[in-house]
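Colleague: Coordinates in entry-v2.pdb, PDB, C-alpha atoms and all ligand atoms, are listed below.
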ATOM      1  CA  MET A   1     141.458  18.302  27.364  1.00  0.00           C
ATOM      2  CA  ASP A   2     140.215  19.915  30.531  1.00  0.00           C
ATOM      3  CA  LYS A   3     137.867  22.868  30.667  1.00  0.00           C
ATOM      4  CA  LEU A   4     140.618  25.455  31.196  1.00  0.00           C
ATOM      5  CA  ALA A   5     142.559  24.234  28.172  1.00  0.00           C
ATOM      6  CA  ALA A   6     139.400  24.072  26.087  1.00  0.00           C
ATOM      7  CA  ASP A   7     138.457  27.632  27.051  1.00  0.00           C
ATOM      8  CA  SER A   8     141.920  29.010  26.363  1.00  0.00           C
ATOM      9  CA  ALA A   9     141.979  27.226  22.995  1.00  0.00           C
ATOM     10  CA  ALA A  10     138.567  28.717  22.170  1.00  0.00           C
ATOM     11  CA  ALA A  11     139.827  32.158  23.237  1.00  0.00           C
ATOM     12  CA  LEU A  12     142.867  31.823  20.969  1.00  0.00           C
ATOM     13  CA  ALA A  13     140.622  30.687  18.126  1.00  0.00           C
ATOM     14  CA  ALA A  14     138.388  33.737  18.678  1.00  0.00           C
ATOM     15  CA  GLY A  15     141.472  35.963  18.674  1.00  0.00           C
ATOM     16  CA  MET A  16     141.221  37.337  22.186  1.00  0.00           C
ATOM     17  CA  SER A  17     142.744  36.835  25.605  1.00  0.00           C
ATOM     18  CA  TYR A  18     141.476  34.165  27.952  1.00  0.00           C
ATOM     19  CA  GLY A  19     140.231  36.784  30.447  1.00  0.00           C
ATOM     20  CA  LYS A  20     138.286  38.714  27.835  1.00  0.00           C
ATOM     21  CA  TYR A  21     136.847  35.499  26.417  1.00  0.00           C
ATOM     22  CA  MET A  22     135.664  34.333  29.838  1.00  0.00           C
ATOM     23  CA  ALA A  23     134.252  37.771  30.643  1.00  0.00           C
ATOM     24  CA  LEU A  24     132.205  37.674  27.455  1.00  0.00           C
ATOM     25  CA  LYS A  25     131.158  34.087  28.035  1.00  0.00           C
ATOM     26  CA  HIS A  26     130.042  34.678  31.611  1.00  0.00           C
ATOM     27  CA  LYS A  27     128.278  37.970  31.395  1.00  0.00           C
ATOM     28  CA  PRO A  28     126.953  39.152  34.738  1.00  0.00           C
ATOM     29  CA  VAL A  29     123.340  38.199  35.162  1.00  0.00           C
ATOM     30  CA  GLN A  30     121.145  41.181  34.550  1.00  0.00           C
ATOM     31  CA  ARG A  31     118.984  41.812  37.539  1.00  0.00           C
ATOM     32  CA  LYS A  32     115.354  42.410  36.828  1.00  0.00           C
ATOM     33  CA  PRO A  33     114.444  46.071  37.012  1.00  0.00           C
ATOM     34  CA  GLU A  34     112.970  46.667  40.421  1.00  0.00           C
ATOM     35  CA  HIS A  35     109.252  47.147  40.521  1.00  0.00           C
ATOM     36  CA  LYS A  36     108.154  50.684  41.120  1.00  0.00           C
ATOM     37  CA  LYS A  37     106.977  51.276  44.620  1.00  0.00           C
ATOM     38  CA  PRO A  38     103.179  51.301  44.614  1.00  0.00           C
ATOM     39  CA  GLU A  39     101.671  54.721  45.089  1.00  0.00           C
ATOM     40  CA  GLY A  40      98.836  53.456  47.205  1.00  0.00           C
ATOM     41  CA  ASP A  41      96.528  50.598  48.079  1.00  0.00           C
ATOM     42  CA  ARG A  42      93.220  52.279  47.249  1.00  0.00           C
ATOM     43  CA  VAL A  43      91.666  54.532  44.648  1.00  0.00           C
ATOM     44  CA  CYS A  44      90.090  57.784  45.771  1.00  0.00           C
ATOM     45  CA  LYS A  45      86.314  57.760  45.332  1.00  0.00           C
ATOM     46  CA  VAL A  46      86.258  61.370  44.149  1.00  0.00           C
ATOM     47  CA  CYS A  47      89.403  62.144  42.150  1.00  0.00           C
ATOM     48  CA  GLY A  48      90.535  58.592  41.275  1.00  0.00           C
ATOM     49  CA  ALA A  49      94.080  58.993  42.635  1.00  0.00           C
ATOM     50  CA  TRP A  50      95.891  56.148  44.403  1.00  0.00           C
ATOM     51  CA  PHE A  51      96.521  56.627  48.103  1.00  0.00           C
ATOM     52  CA  PHE A  52      97.452  54.708  51.237  1.00  0.00           C
ATOM     53  CA  ALA A  53      94.582  54.410  53.675  1.00  0.00           C
ATOM     54  CA  LYS A  54      95.349  55.669  57.175  1.00  0.00           C
ATOM     55  CA  VAL A  55      92.152  54.209  58.619  1.00  0.00           C
ATOM     56  CA  HIS A  56      90.260  51.111  57.501  1.00  0.00           C
ATOM     57  CA  ASN A  57      87.166  52.900  56.188  1.00  0.00           C
ATOM     58  CA  GLN A  58      88.916  55.734  54.361  1.00  0.00           C
ATOM     59  CA  LEU A  59      87.398  56.344  50.925  1.00  0.00           C
ATOM     60  CA  THR A  60      89.094  59.516  49.757  1.00  0.00           C
ATOM     61  CA  CYS A  61      92.698  60.645  49.405  1.00  0.00           C
ATOM     62  CA  SER A  62      92.525  64.020  51.110  1.00  0.00           C
ATOM     63  CA  HIS A  63      90.401  66.304  53.230  1.00  0.00           C
ATOM     64  CA  LYS A  64      89.409  68.225  50.097  1.00  0.00           C
ATOM     65  CA  CYS A  65      88.114  65.050  48.439  1.00  0.00           C
ATOM     66  CA  SER A  66      86.411  64.013  51.673  1.00  0.00           C
ATOM     67  CA  VAL A  67      84.448  67.294  51.726  1.00  0.00           C
ATOM     68  CA  GLU A  68      83.583  66.867  48.042  1.00  0.00           C
ATOM     69  CA  ASN A  69      82.416  63.294  48.732  1.00  0.00           C
ATOM     70  CA  GLY A  70      80.141  64.544  51.530  1.00  0.00           C
ATOM     71  CA  ARG A  71      78.673  67.128  49.171  1.00  0.00           C
ATOM     72  CA  LEU A  72      78.038  64.513  46.478  1.00  0.00           C
ATOM     73  CA  LYS A  73      76.423  62.154  48.987  1.00  0.00           C
ATOM     74  CA  ALA A  74      74.165  64.925  50.291  1.00  0.00           C
ATOM     75  CA  ASN A  75      73.128  65.831  46.744  1.00  0.00           C
ATOM     76  CA  GLU A  76      72.391  62.189  45.983  1.00  0.00           C
ATOM     77  CA  ARG A  77      70.291  61.796  49.148  1.00  0.00           C
ATOM     78  CA  ALA A  78      68.423  65.039  48.423  1.00  0.00           C
ATOM     79  CA  ARG A  79      67.601  63.757  44.950  1.00  0.00           C
ATOM     80  CA  GLU A  80      66.301  60.488  46.443  1.00  0.00           C
ATOM     81  CA  ILE A  81      64.128  62.323  48.981  1.00  0.00           C
ATOM     82  CA  TYR A  82      62.769  64.579  46.231  1.00  0.00           C
ATOM     83  CA  ALA A  83      61.879  61.547  44.084  1.00  0.00           C
ATOM     84  CA  GLU A  84      60.210  59.798  47.061  1.00  0.00           C
ATOM     85  CA  ARG A  85      58.086  62.819  47.925  1.00  0.00           C
ATOM     86  CA  LYS A  86      57.152  63.349  44.318  1.00  0.00           C
ATOM     87  CA  ALA A  87      55.993  59.727  44.106  1.00  0.00           C
ATOM     88  CA  GLN A  88      54.019  59.999  47.391  1.00  0.00           C
ATOM     89  CA  ASN A  89      52.182  63.152  46.354  1.00  0.00           C
ATOM     90  CA  GLY A  90      51.192  61.565  43.087  1.00  0.00           C
ATOM     91  CA  GLU A  91      52.919  63.171  40.099  1.00  0.00           C
TER      92      GLU A  91
HETATM   93 ZN    ZN J   1      90.991  62.323  45.965  1.00  0.00          ZN
END
The structure given in the file should be rewritten as structure tokens.
Ligand SMILES: [Zn+2]

Modeller:
Amino acid sequence: MDKLAADSAAALAAGMSYGKYMALKHKPVQRKPEHKKPEGDRVCKVCGAWFFAKVHNQLTCSHKCSVENGRLKANERAREIYAERKAQNGE
């Protein structure tokens, strides 16, 4: 018995047409769900959002965050200078 005859016999045994039997037997292969497009290649230093860097040394996602980052850096430096001076002057 060749494959065609075997399949049609199996279809008859299952109580359905050959076409329907073969369609059920050879279900189309489910493609994997496509991966979501990444929202960026870096994380913003200030707000933590993902973004694509436009220049190699970009740390923040937007101008707003860039300004905020500058403010934070200045505050940090001011605190360091204050601590240094306090240590120098004794107390
Ligand atoms: Zn940001």

Colleague: Starting from the PyMOL selection byres (((not hetatm)) within 9 of (chain J and resi 1)), expand the selection into actual residues of this file and give them as a list in words.

Modeller: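 The output of the PyMOL selection byres (((not hetatm)) within 9 of (chain J and resi 1)) on this file is Val43, Cys44, Lys45, Val46, Cys47, Gly48, Ala49, Trp50, Phe51, Leu59, Thr60, Cys61, Ser62, His63, Lys64, Cys65, Ser66 and Glu68 of chain A.
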
Colleague: Using Å and a single decimal, report how far atom CA of A:Ala83 sits from atom CA of A:Arg71.

Modeller: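 About the pair atom CA of A:Arg71 and atom CA of A:Ala83: they are 18.4 Å apart.
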
Colleague: Once the PyMOL selection byres (((chain A and resi 8) around 9) and not hetatm) is applied to the coordinates I shared, what remains selected? I want it as a list in words.

Modeller: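 Going through the file, the PyMOL selection byres (((chain A and resi 8) around 9) and not hetatm) ends up selecting Lys3, Leu4, Ala5, Ala6, Asp7, Ala9, Ala10, Ala11, Leu12, Ala13, Ser17, Tyr18, Gly19, Tyr21 and Met22 of chain A.
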
Colleague: I need the residue nearest A:Glu39 from this list: A:Ala53, A:His26, A:Leu72, A:Glu80. Use all atoms listed in the file for the distance.

Modeller: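 Smallest separation from A:Glu39 among the options: A:Ala53.
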
Colleague: For atom CA of A:Val55 and atom CA of A:Asp41, determine how far apart the two atoms are, in Å to one decimal place.

Modeller: 12.0 Å

Colleague: Rounded to one decimal place, report the atom CA of A:Met16-atom CA of A:Arg31 distance in Å.

Modeller: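 According to the coordinates, atom CA of A:Met16 and atom CA of A:Arg31 are separated by 27.4 Å.
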